[in-house]
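File shown: model-v9.cif. Contents: mmCIF, C-alpha atoms, pLDDT in the B column; chains and numbers go by the auth columns.
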```
data_my_file
#
loop_
_atom_site.group_PDB
_atom_site.id
_atom_site.type_symbol
_atom_site.label_atom_id
_atom_site.label_comp_id
_atom_site.label_asym_id
_atom_site.label_seq_id
_atom_site.Cartn_x
_atom_site.Cartn_y
_atom_site.Cartn_z
_atom_site.B_iso_or_equiv
_atom_site.auth_seq_id
_atom_site.auth_asym_id
ATOM 1 C CA MET A 1 -7.971 -94.312 -16.278 96.00 267 A
ATOM 2 C CA THR A 2 -5.038 -92.913 -14.308 97.00 268 A
ATOM 3 C CA VAL A 3 -4.275 -89.237 -13.784 98.00 269 A
ATOM 4 C CA GLU A 4 -1.040 -89.753 -15.709 98.00 270 A
ATOM 5 C CA GLN A 5 -2.969 -91.072 -18.738 98.00 271 A
ATOM 6 C CA ILE A 6 -5.441 -88.186 -18.472 98.00 272 A
ATOM 7 C CA ALA A 7 -2.618 -85.652 -18.399 98.00 273 A
ATOM 8 C CA ARG A 8 -1.049 -87.272 -21.468 98.00 274 A
ATOM 9 C CA ILE A 9 -4.159 -87.241 -23.671 98.00 275 A
ATOM 10 C CA LEU A 10 -4.998 -83.660 -22.662 98.00 276 A
ATOM 11 C CA ASP A 11 -1.414 -82.457 -22.978 98.00 277 A
ATOM 12 C CA ALA A 12 -1.971 -81.104 -19.451 98.00 278 A
ATOM 13 C CA GLY A 13 0.451 -80.400 -16.637 97.00 279 A
ATOM 14 C CA ILE A 14 0.130 -81.992 -13.208 98.00 280 A
ATOM 15 C CA ILE A 15 0.604 -78.985 -10.940 97.00 281 A
ATOM 16 C CA CYS A 16 -0.062 -80.674 -7.588 97.00 282 A
ATOM 17 C CA GLY A 17 -0.065 -84.321 -6.550 96.00 283 A
ATOM 18 C CA GLU A 18 2.294 -85.720 -9.186 95.00 284 A
ATOM 19 C CA GLU A 19 3.227 -88.464 -6.710 96.00 285 A
ATOM 20 C CA ARG A 20 -0.364 -89.670 -6.990 95.00 286 A
ATOM 21 C CA SER A 21 -0.397 -89.826 -10.791 96.00 287 A
ATOM 22 C CA GLN A 22 -1.509 -93.477 -10.696 96.00 288 A
ATOM 23 C CA HIS A 23 -4.767 -92.466 -8.979 96.00 289 A
ATOM 24 C CA ASP A 24 -7.697 -93.976 -10.911 97.00 290 A
ATOM 25 C CA ILE A 25 -10.579 -91.909 -12.264 97.00 291 A
ATOM 26 C CA ASP A 26 -13.825 -93.332 -13.675 96.00 292 A
ATOM 27 C CA ILE A 27 -16.336 -90.491 -13.607 98.00 293 A
ATOM 28 C CA ALA A 28 -16.250 -86.761 -14.258 98.00 294 A
ATOM 29 C CA PHE A 29 -18.357 -83.633 -13.921 98.00 295 A
ATOM 30 C CA ALA A 30 -17.812 -80.251 -15.587 98.00 296 A
ATOM 31 C CA SER A 31 -19.068 -77.014 -14.064 97.00 297 A
ATOM 32 C CA ASP A 32 -18.108 -73.464 -13.210 96.00 298 A
ATOM 33 C CA LEU A 33 -20.962 -73.367 -10.712 95.00 299 A
ATOM 34 C CA MET A 34 -19.738 -74.707 -7.381 95.00 300 A
ATOM 35 C CA SER A 35 -23.326 -74.886 -6.096 93.00 301 A
ATOM 36 C CA ASP A 36 -23.934 -77.633 -8.677 95.00 302 A
ATOM 37 C CA VAL A 37 -20.759 -79.474 -7.682 96.00 303 A
ATOM 38 C CA LEU A 38 -21.918 -79.461 -4.050 96.00 304 A
ATOM 39 C CA THR A 39 -25.067 -81.395 -5.002 95.00 305 A
ATOM 40 C CA LEU A 40 -23.099 -84.429 -6.243 95.00 306 A
ATOM 41 C CA LYS A 41 -23.489 -87.524 -4.098 93.00 307 A
ATOM 42 C CA GLU A 42 -20.744 -89.518 -5.839 93.00 308 A
ATOM 43 C CA ASP A 43 -17.203 -89.646 -4.449 88.00 309 A
ATOM 44 C CA ASN A 44 -13.941 -89.606 -6.378 91.00 310 A
ATOM 45 C CA VAL A 45 -15.368 -87.480 -9.186 96.00 311 A
ATOM 46 C CA LEU A 46 -12.981 -85.693 -11.536 98.00 312 A
ATOM 47 C CA LEU A 47 -13.955 -82.007 -11.680 98.00 313 A
ATOM 48 C CA ILE A 48 -13.378 -80.085 -14.906 98.00 314 A
ATOM 49 C CA THR A 49 -13.756 -76.331 -14.484 98.00 315 A
ATOM 50 C CA GLY A 50 -12.640 -72.943 -15.703 97.00 316 A
ATOM 51 C CA LEU A 51 -13.280 -71.328 -12.330 96.00 317 A
ATOM 52 C CA ALA A 52 -9.911 -70.828 -10.670 96.00 318 A
ATOM 53 C CA ASN A 53 -10.332 -69.526 -7.135 94.00 319 A
ATOM 54 C CA MET A 54 -10.015 -70.708 -3.534 95.00 320 A
ATOM 55 C CA GLN A 55 -13.641 -71.774 -3.427 95.00 321 A
ATOM 56 C CA THR A 56 -13.073 -74.291 -6.215 97.00 322 A
ATOM 57 C CA LEU A 57 -10.555 -76.029 -3.942 97.00 323 A
ATOM 58 C CA ARG A 58 -12.805 -75.708 -0.876 97.00 324 A
ATOM 59 C CA THR A 59 -15.742 -77.148 -2.825 97.00 325 A
ATOM 60 C CA ALA A 60 -13.573 -80.093 -3.893 97.00 326 A
ATOM 61 C CA GLU A 61 -12.471 -80.618 -0.297 97.00 327 A
ATOM 62 C CA MET A 62 -16.064 -80.715 1.005 96.00 328 A
ATOM 63 C CA SER A 63 -17.269 -82.926 -1.867 96.00 329 A
ATOM 64 C CA ASP A 64 -14.465 -85.501 -1.552 96.00 330 A
ATOM 65 C CA ILE A 65 -13.201 -84.659 -5.039 97.00 331 A
ATOM 66 C CA HIS A 66 -9.578 -85.747 -5.351 97.00 332 A
ATOM 67 C CA CYS A 67 -8.708 -84.400 -8.794 98.00 333 A
ATOM 68 C CA ILE A 68 -9.453 -81.120 -10.607 98.00 334 A
ATOM 69 C CA ILE A 69 -8.641 -80.095 -14.172 98.00 335 A
ATOM 70 C CA PHE A 70 -8.482 -76.339 -14.667 98.00 336 A
ATOM 71 C CA ALA A 71 -9.305 -75.905 -18.350 98.00 337 A
ATOM 72 C CA ARG A 72 -9.250 -72.820 -20.622 97.00 338 A
ATOM 73 C CA ASN A 73 -5.596 -72.291 -19.688 97.00 339 A
ATOM 74 C CA LYS A 74 -6.495 -71.078 -16.187 96.00 340 A
ATOM 75 C CA LYS A 75 -3.569 -70.863 -13.806 96.00 341 A
ATOM 76 C CA ILE A 76 -3.904 -71.412 -10.085 96.00 342 A
ATOM 77 C CA SER A 77 -2.292 -69.263 -7.393 96.00 343 A
ATOM 78 C CA GLU A 78 0.330 -70.355 -4.855 96.00 344 A
ATOM 79 C CA GLU A 79 -2.326 -70.109 -2.132 96.00 345 A
ATOM 80 C CA MET A 80 -4.549 -72.490 -4.110 96.00 346 A
ATOM 81 C CA LYS A 81 -1.663 -74.911 -4.623 97.00 347 A
ATOM 82 C CA GLU A 82 -1.011 -74.921 -0.887 96.00 348 A
ATOM 83 C CA LEU A 83 -4.676 -75.691 -0.139 96.00 349 A
ATOM 84 C CA ALA A 84 -4.667 -78.465 -2.768 97.00 350 A
ATOM 85 C CA ARG A 85 -1.579 -80.063 -1.185 97.00 351 A
ATOM 86 C CA GLU A 86 -3.070 -79.790 2.324 95.00 352 A
ATOM 87 C CA ASN A 87 -6.112 -81.718 1.151 96.00 353 A
ATOM 88 C CA ASP A 88 -4.387 -84.223 -1.171 96.00 354 A
ATOM 89 C CA ILE A 89 -6.144 -82.833 -4.223 97.00 355 A
ATOM 90 C CA ILE A 90 -4.459 -83.510 -7.556 98.00 356 A
ATOM 91 C CA VAL A 91 -4.499 -80.450 -9.825 98.00 357 A
ATOM 92 C CA LEU A 92 -4.017 -80.369 -13.593 98.00 358 A
ATOM 93 C CA GLU A 93 -3.824 -77.277 -15.784 98.00 359 A
ATOM 94 C CA CYS A 94 -4.996 -77.700 -19.361 98.00 360 A
ATOM 95 C CA ARG A 95 -4.995 -75.218 -22.236 98.00 361 A
ATOM 96 C CA TYR A 96 -8.028 -76.769 -23.925 98.00 362 A
ATOM 97 C CA SER A 97 -11.575 -75.437 -23.505 98.00 363 A
ATOM 98 C CA VAL A 98 -13.921 -77.229 -21.108 98.00 364 A
ATOM 99 C CA PHE A 99 -15.828 -78.578 -24.126 98.00 365 A
ATOM 100 C CA ARG A 100 -12.725 -80.008 -25.779 98.00 366 A
ATOM 101 C CA THR A 101 -11.436 -81.417 -22.475 98.00 367 A
ATOM 102 C CA CYS A 102 -14.746 -83.167 -21.834 98.00 368 A
ATOM 103 C CA GLY A 103 -14.907 -84.490 -25.399 98.00 369 A
ATOM 104 C CA ILE A 104 -11.466 -86.063 -25.212 98.00 370 A
ATOM 105 C CA LEU A 105 -12.122 -87.624 -21.793 98.00 371 A
ATOM 106 C CA TYR A 106 -15.538 -88.939 -22.822 98.00 372 A
ATOM 107 C CA GLU A 107 -14.062 -90.524 -25.937 98.00 373 A
ATOM 108 C CA ALA A 108 -11.336 -92.099 -23.777 97.00 374 A
ATOM 109 C CA GLY A 109 -13.934 -93.817 -21.585 97.00 375 A
ATOM 110 C CA ILE A 110 -14.485 -91.506 -18.629 98.00 376 A
ATOM 111 C CA SER A 111 -18.180 -91.664 -17.681 97.00 377 A
ATOM 112 C CA PRO A 112 -20.480 -88.751 -16.842 97.00 378 A
ATOM 113 C CA VAL A 113 -21.980 -88.510 -13.357 95.00 379 A
ATOM 114 C CA PHE A 114 -25.454 -88.418 -14.937 93.00 380 A
ATOM 115 C CA MET B 1 -17.020 -80.959 22.949 91.00 58 B
ATOM 116 C CA HIS B 2 -17.608 -77.371 21.967 95.00 59 B
ATOM 117 C CA PHE B 3 -15.867 -75.273 19.303 95.00 60 B
ATOM 118 C CA GLU B 4 -16.428 -71.792 17.903 97.00 61 B
ATOM 119 C CA TYR B 5 -15.295 -70.180 14.668 97.00 62 B
ATOM 120 C CA GLN B 6 -15.586 -66.588 13.487 97.00 63 B
ATOM 121 C CA ILE B 7 -16.721 -65.758 9.951 96.00 64 B
ATOM 122 C CA GLU B 8 -15.912 -62.485 8.221 96.00 65 B
ATOM 123 C CA GLY B 9 -18.542 -61.198 5.802 95.00 66 B
ATOM 124 C CA GLY B 10 -17.222 -60.672 2.275 93.00 67 B
ATOM 125 C CA ASN B 11 -13.958 -62.559 2.852 92.00 68 B
ATOM 126 C CA PHE B 12 -14.144 -65.277 0.202 91.00 69 B
ATOM 127 C CA THR B 13 -10.497 -66.218 0.578 90.00 70 B
ATOM 128 C CA ARG B 14 -11.214 -67.594 4.031 92.00 71 B
ATOM 129 C CA ALA B 15 -14.689 -68.977 3.336 94.00 72 B
ATOM 130 C CA GLY B 16 -14.682 -72.688 4.056 95.00 73 B
ATOM 131 C CA PHE B 17 -11.981 -72.611 6.715 96.00 74 B
ATOM 132 C CA ALA B 18 -14.407 -73.446 9.535 96.00 75 B
ATOM 133 C CA SER B 19 -16.102 -76.217 7.521 97.00 76 B
ATOM 134 C CA SER B 20 -12.665 -77.650 6.811 97.00 77 B
ATOM 135 C CA GLU B 21 -11.825 -77.692 10.533 96.00 78 B
ATOM 136 C CA ILE B 22 -15.158 -79.361 11.330 96.00 79 B
ATOM 137 C CA LYS B 23 -14.457 -82.007 8.668 96.00 80 B
ATOM 138 C CA LYS B 24 -11.088 -82.798 10.288 96.00 81 B
ATOM 139 C CA LYS B 25 -12.723 -83.180 13.724 95.00 82 B
ATOM 140 C CA LEU B 26 -15.479 -85.475 12.380 95.00 83 B
ATOM 141 C CA LYS B 27 -12.877 -87.672 10.699 94.00 84 B
ATOM 142 C CA GLN B 28 -10.834 -87.823 13.915 93.00 85 B
ATOM 143 C CA LEU B 29 -13.988 -89.082 15.659 92.00 86 B
ATOM 144 C CA ASN B 30 -14.302 -91.841 13.013 92.00 87 B
ATOM 145 C CA VAL B 31 -17.733 -90.647 11.922 94.00 88 B
ATOM 146 C CA ASP B 32 -19.074 -92.494 8.848 94.00 89 B
ATOM 147 C CA LEU B 33 -17.633 -90.787 5.750 94.00 90 B
ATOM 148 C CA GLY B 34 -21.052 -90.417 4.115 95.00 91 B
ATOM 149 C CA ILE B 35 -22.291 -88.523 7.175 96.00 92 B
ATOM 150 C CA VAL B 36 -19.094 -86.439 7.226 96.00 93 B
ATOM 151 C CA LYS B 37 -19.691 -85.410 3.612 97.00 94 B
ATOM 152 C CA ARG B 38 -23.338 -84.455 4.183 97.00 95 B
ATOM 153 C CA THR B 39 -22.378 -82.505 7.321 97.00 96 B
ATOM 154 C CA VAL B 40 -19.594 -80.501 5.730 97.00 97 B
ATOM 155 C CA VAL B 41 -21.494 -79.816 2.503 97.00 98 B
ATOM 156 C CA ALA B 42 -24.420 -78.388 4.515 97.00 99 B
ATOM 157 C CA THR B 43 -22.059 -76.432 6.792 97.00 100 B
ATOM 158 C CA TYR B 44 -19.993 -75.097 3.904 97.00 101 B
ATOM 159 C CA GLU B 45 -23.144 -73.915 2.078 95.00 102 B
ATOM 160 C CA ALA B 46 -24.193 -72.124 5.277 96.00 103 B
ATOM 161 C CA GLU B 47 -20.712 -70.657 5.821 97.00 104 B
ATOM 162 C CA VAL B 48 -20.603 -69.343 2.235 95.00 105 B
ATOM 163 C CA ASN B 49 -24.043 -67.777 2.782 94.00 106 B
ATOM 164 C CA VAL B 50 -22.740 -65.861 5.815 96.00 107 B
ATOM 165 C CA VAL B 51 -19.703 -64.658 3.834 95.00 108 B
ATOM 166 C CA ALA B 52 -21.934 -63.737 0.877 93.00 109 B
ATOM 167 C CA HIS B 53 -24.757 -61.968 2.703 94.00 110 B
ATOM 168 C CA ALA B 54 -23.797 -60.993 6.275 95.00 111 B
ATOM 169 C CA TYR B 55 -21.338 -58.615 7.928 96.00 112 B
ATOM 170 C CA SER B 56 -19.998 -61.202 10.361 96.00 113 B
ATOM 171 C CA GLY B 57 -20.946 -64.458 11.985 97.00 114 B
ATOM 172 C CA THR B 58 -20.046 -67.147 14.483 98.00 115 B
ATOM 173 C CA ILE B 59 -20.276 -70.909 14.139 98.00 116 B
ATOM 174 C CA TYR B 60 -20.990 -72.822 17.336 98.00 117 B
ATOM 175 C CA VAL B 61 -20.265 -76.549 17.116 97.00 118 B
ATOM 176 C CA ASP B 62 -21.371 -79.026 19.782 96.00 119 B
ATOM 177 C CA PHE B 63 -20.513 -82.707 19.558 93.00 120 B
ATOM 178 C CA ASP B 64 -21.839 -85.472 21.765 91.00 121 B
ATOM 179 C CA GLU B 65 -21.828 -89.251 21.275 90.00 122 B
ATOM 180 C CA GLU B 66 -24.963 -89.259 19.142 93.00 123 B
ATOM 181 C CA LYS B 67 -24.870 -86.087 17.115 95.00 124 B
ATOM 182 C CA VAL B 68 -23.269 -82.827 16.116 96.00 125 B
ATOM 183 C CA VAL B 69 -25.187 -79.553 16.250 97.00 126 B
ATOM 184 C CA ILE B 70 -23.753 -76.733 14.127 98.00 127 B
ATOM 185 C CA LYS B 71 -25.273 -73.318 14.698 98.00 128 B
ATOM 186 C CA LEU B 72 -24.365 -70.377 12.475 98.00 129 B
ATOM 187 C CA VAL B 73 -25.404 -67.017 13.889 98.00 130 B
ATOM 188 C CA ASP B 74 -24.829 -63.978 11.717 96.00 131 B
ATOM 189 C CA GLU B 75 -25.235 -60.232 11.932 97.00 132 B
ATOM 190 C CA GLY B 76 -26.616 -59.100 8.642 95.00 133 B
ATOM 191 C CA PRO B 77 -29.641 -57.987 6.651 95.00 134 B
ATOM 192 C CA GLY B 78 -31.688 -61.086 7.528 94.00 135 B
ATOM 193 C CA ILE B 79 -34.107 -62.983 5.279 93.00 136 B
ATOM 194 C CA PRO B 80 -37.515 -61.331 4.769 91.00 137 B
ATOM 195 C CA ASP B 81 -39.215 -64.488 3.452 91.00 138 B
ATOM 196 C CA ILE B 82 -37.575 -67.774 4.536 92.00 139 B
ATOM 197 C CA GLU B 83 -39.995 -69.940 2.555 91.00 140 B
ATOM 198 C CA LYS B 84 -39.089 -68.069 -0.626 92.00 141 B
ATOM 199 C CA ALA B 85 -35.374 -68.330 0.217 91.00 142 B
ATOM 200 C CA MET B 86 -35.769 -72.112 0.491 90.00 143 B
ATOM 201 C CA THR B 87 -37.043 -72.258 -3.103 90.00 144 B
ATOM 202 C CA GLU B 88 -34.466 -73.653 -5.513 88.00 145 B
ATOM 203 C CA GLY B 89 -33.343 -70.931 -7.928 89.00 146 B
ATOM 204 C CA PHE B 90 -34.288 -67.955 -5.751 90.00 147 B
ATOM 205 C CA SER B 91 -31.264 -65.789 -5.012 89.00 148 B
ATOM 206 C CA THR B 92 -30.405 -62.263 -3.921 88.00 149 B
ATOM 207 C CA ALA B 93 -26.643 -62.823 -4.319 88.00 150 B
ATOM 208 C CA SER B 94 -24.416 -60.099 -5.747 88.00 151 B
ATOM 209 C CA SER B 95 -22.425 -60.452 -8.962 89.00 152 B
ATOM 210 C CA THR B 96 -19.270 -60.900 -6.824 87.00 153 B
ATOM 211 C CA VAL B 97 -20.802 -63.945 -5.174 89.00 154 B
ATOM 212 C CA ARG B 98 -21.809 -65.368 -8.569 90.00 155 B
ATOM 213 C CA GLU B 99 -18.278 -64.870 -9.857 87.00 156 B
ATOM 214 C CA MET B 100 -17.102 -67.095 -6.991 87.00 157 B
ATOM 215 C CA GLY B 101 -19.271 -69.948 -8.304 89.00 158 B
ATOM 216 C CA PHE B 102 -22.255 -69.488 -5.990 90.00 159 B
ATOM 217 C CA GLY B 103 -25.478 -67.474 -5.835 84.00 160 B
ATOM 218 C CA ALA B 104 -27.637 -69.756 -7.955 85.00 161 B
ATOM 219 C CA GLY B 105 -30.297 -70.113 -5.265 86.00 162 B
ATOM 220 C CA MET B 106 -29.229 -73.623 -4.351 89.00 163 B
ATOM 221 C CA GLY B 107 -27.607 -73.164 -0.938 89.00 164 B
ATOM 222 C CA LEU B 108 -30.538 -73.451 1.471 93.00 165 B
ATOM 223 C CA PRO B 109 -32.265 -76.243 -0.533 93.00 166 B
ATOM 224 C CA ASN B 110 -28.998 -78.195 -0.595 94.00 167 B
ATOM 225 C CA MET B 111 -28.538 -77.689 3.159 95.00 168 B
ATOM 226 C CA LYS B 112 -32.024 -79.123 3.674 95.00 169 B
ATOM 227 C CA LYS B 113 -31.213 -82.133 1.463 95.00 170 B
ATOM 228 C CA ASN B 114 -28.032 -82.924 3.387 96.00 171 B
ATOM 229 C CA ALA B 115 -28.950 -82.116 6.992 97.00 172 B
ATOM 230 C CA ASP B 116 -30.834 -84.529 9.250 97.00 173 B
ATOM 231 C CA ASP B 117 -32.518 -81.464 10.703 97.00 174 B
ATOM 232 C CA LEU B 118 -32.328 -77.852 9.536 97.00 175 B
ATOM 233 C CA GLN B 119 -33.743 -74.873 11.403 97.00 176 B
ATOM 234 C CA VAL B 120 -33.618 -71.362 9.944 96.00 177 B
ATOM 235 C CA SER B 121 -34.759 -68.243 11.734 96.00 178 B
ATOM 236 C CA SER B 122 -34.198 -64.642 10.800 95.00 179 B
ATOM 237 C CA GLU B 123 -34.940 -61.074 11.776 95.00 180 B
ATOM 238 C CA VAL B 124 -34.761 -58.441 9.057 96.00 181 B
ATOM 239 C CA GLY B 125 -32.092 -55.866 9.834 96.00 182 B
ATOM 240 C CA LYS B 126 -30.497 -58.026 12.552 96.00 183 B
ATOM 241 C CA GLY B 127 -29.394 -61.366 11.186 96.00 184 B
ATOM 242 C CA THR B 128 -30.023 -65.022 10.532 96.00 185 B
ATOM 243 C CA THR B 129 -29.499 -68.212 12.523 97.00 186 B
ATOM 244 C CA VAL B 130 -29.085 -71.555 10.784 97.00 187 B
ATOM 245 C CA GLN B 131 -28.907 -74.732 12.848 98.00 188 B
ATOM 246 C CA ILE B 132 -27.791 -78.013 11.288 98.00 189 B
ATOM 247 C CA THR B 133 -28.150 -81.249 13.268 97.00 190 B
ATOM 248 C CA MET B 134 -26.548 -84.494 12.129 97.00 191 B
ATOM 249 C CA PHE B 135 -26.971 -87.864 13.840 96.00 192 B
ATOM 250 C CA PHE B 136 -23.992 -90.223 13.709 92.00 193 B
ATOM 251 C CA GLN B 137 -25.921 -93.486 13.845 80.00 194 B
ATOM 252 C CA LYS B 138 -28.693 -92.653 11.425 57.00 195 B
ATOM 253 C CA PRO B 139 -28.634 -94.807 8.266 55.00 196 B
ATOM 254 C CA ASP B 140 -27.456 -92.856 5.243 52.00 197 B
ATOM 255 C CA ASN B 141 -29.912 -94.409 2.804 54.00 198 B
ATOM 256 C CA ASP B 142 -32.631 -91.773 3.025 55.00 199 B
ATOM 257 C CA LYS B 143 -30.370 -88.912 2.013 56.00 200 B
#
```
As structure tokens:
Amino acid sequence: MTVEQIARILDAGIICGEERSQHDIDIAFASDLMSDVLTLKEDNVLLITGLANMQTLRTAEMSDIHCIIFARNKKISEEMKELARENDIIVLECRYSVFRTCGILYEAGISPVF
Amino acid sequence: MHFEYQIEGGNFTRAGFASSEIKKKLKQLNVDLGIVKRTVVATYEAEVNVVAHAYSGTIYVDFDEEKVVIKLVDEGPGIPDIEKAMTEGFSTASSTVREMGFGAGMGLPNMKKNADDLQVSSEVGKGTTVQITMFFQKPDNDK
């Protein structure tokens, strides 16, 4: 499923990386605990989180995560946007809860990491 | 090749900067991407620990053809019981650290899982030294 399709079904905005909206996503992981995200061995995981700070972006960078959805209507700062652009990380902002976001994506065929 | 980076205790805005620089250097050297990921995840966990627990620290990075050795030396409270600190779930992190998405007692165990070799030494009241060694040629299948 492409980022563009994901944004459409979640009624989400692509804040960074719109030029890469055809990027394909197959698997996703939801967490506000970055320590858990750092244990993932898989690459190209979509991260769904409500934790909006610089460390979310840094964790994605270290874990080779190329797309993050900030749920619960969290807004990211200019500094975070800059870091996302530097590292080619696509960022979406979504007003739905993490639970609702995950439910919609699961129903649409995105697989869990485990 | 030798590089050094300074870490400021408590500065979460900058945490990860050094690990990011190390990642760029490993990629420039065409190191296998699986090894790059394990190296930077272990280093980032260690860097966040210095920011979370110490007053200041320095990362010393030494590359040769076979390996990279990353040594993080901090000035801080130290770890009274390293074995206990290596136990998954054990944490002394503050609420501020937890709000940043860390402090679940997973850092040191995850460093051990990702590093080819991990050495931790500490003196209470002085500081902690963490040394991560990664071999470039080692097969990735046992990690």
Using only C-alpha atoms, determine which residues of chain A fall within 8 Å of chain B; present them as a list in words.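 Per the criterion, chain A yields Asp298, Leu299, Met300, Ser301, Asp302, Leu304, Thr305, Leu317, Asn319, Met320, Gln321, Thr322, Arg324, Glu327, Met328, Ser329 and Asp330 of chain A.
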Hey, can I get the axis-aligned box for region 151-156 of chain B? All listed atoms, 3 Å padding on each side, centre and edge lengths in Å to one decimal, as AutoDock Vina command-line options.
```
--center_x -21.3 --center_y -62.7 --center_z -7.5 --size_x 12.1 --size_y 11.3 --size_z 10.7
```
One-decimal distance in Å that lies between CA of Phe120 (chain B) and CA of His59 (chain B): 6.5 Å
Determine the nearest neighbour of Gly133 (chain B) from the options B:Met58, B:Leu165, B:Ile189, B:Val107, counting only C-alpha atoms.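 Of B:Met58, B:Leu165, B:Ile189, B:Val107, the one nearest Gly133 (chain B), counting only C-alpha atoms, is B:Val107.
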Got a sec to resolve the PyMOL selection byres ((chain B and resi 127-132) around 8) on this structure and send the residues as a VMD selection string? chain B and resid 100 103 to 104 107 111 to 119 125 to 126 133 to 135 183 to 190
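When the PyMOL selection byres ((chain A and resi 334) around 8) is evaluated against the file, it yields Leu312, Leu313, Ile314, Thr315, Ala326, Ile331, His332, Cys333, Ile335, Phe336, Ile355, Ile356, Val357 and Leu358 of chain A.
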Near-Ile291 (chain A) list (8 Å; only C-alpha atoms; drop same-chain fewer than 2 positions) as a PDB file with C-alpha atoms, in the frame of the given file:
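Saved to part-v2.pdb:
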```
ATOM      1  CA  MET A 267      -7.971 -94.312 -16.278  1.00 96.00           C
ATOM      2  CA  THR A 268      -5.038 -92.913 -14.308  1.00 97.00           C
ATOM      3  CA  VAL A 269      -4.275 -89.237 -13.784  1.00 98.00           C
ATOM      4  CA  HIS A 289      -4.767 -92.466  -8.979  1.00 96.00           C
ATOM      5  CA  ILE A 293     -16.336 -90.491 -13.607  1.00 98.00           C
ATOM      6  CA  ALA A 294     -16.250 -86.761 -14.258  1.00 98.00           C
ATOM      7  CA  ASN A 310     -13.941 -89.606  -6.378  1.00 91.00           C
ATOM      8  CA  VAL A 311     -15.368 -87.480  -9.186  1.00 96.00           C
ATOM      9  CA  LEU A 312     -12.981 -85.693 -11.536  1.00 98.00           C
ATOM     10  CA  ILE A 376     -14.485 -91.506 -18.629  1.00 98.00           C
TER      11      ILE A 376
END
```
Using CA of Pro378 (chain A) and CA of Thr325 (chain A) as the two end points, give the distance in Å to one decimal.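 Rounded to one decimal, the two atoms are 18.8 Å apart.
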Please indicate the distance in Å from CA of Gln85 (chain B) to CA of Asp309 (chain A), rounded to one decimal place.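 Computed distance, CA of Gln85 (chain B) to CA of Asp309 (chain A), equals 19.5 Å.
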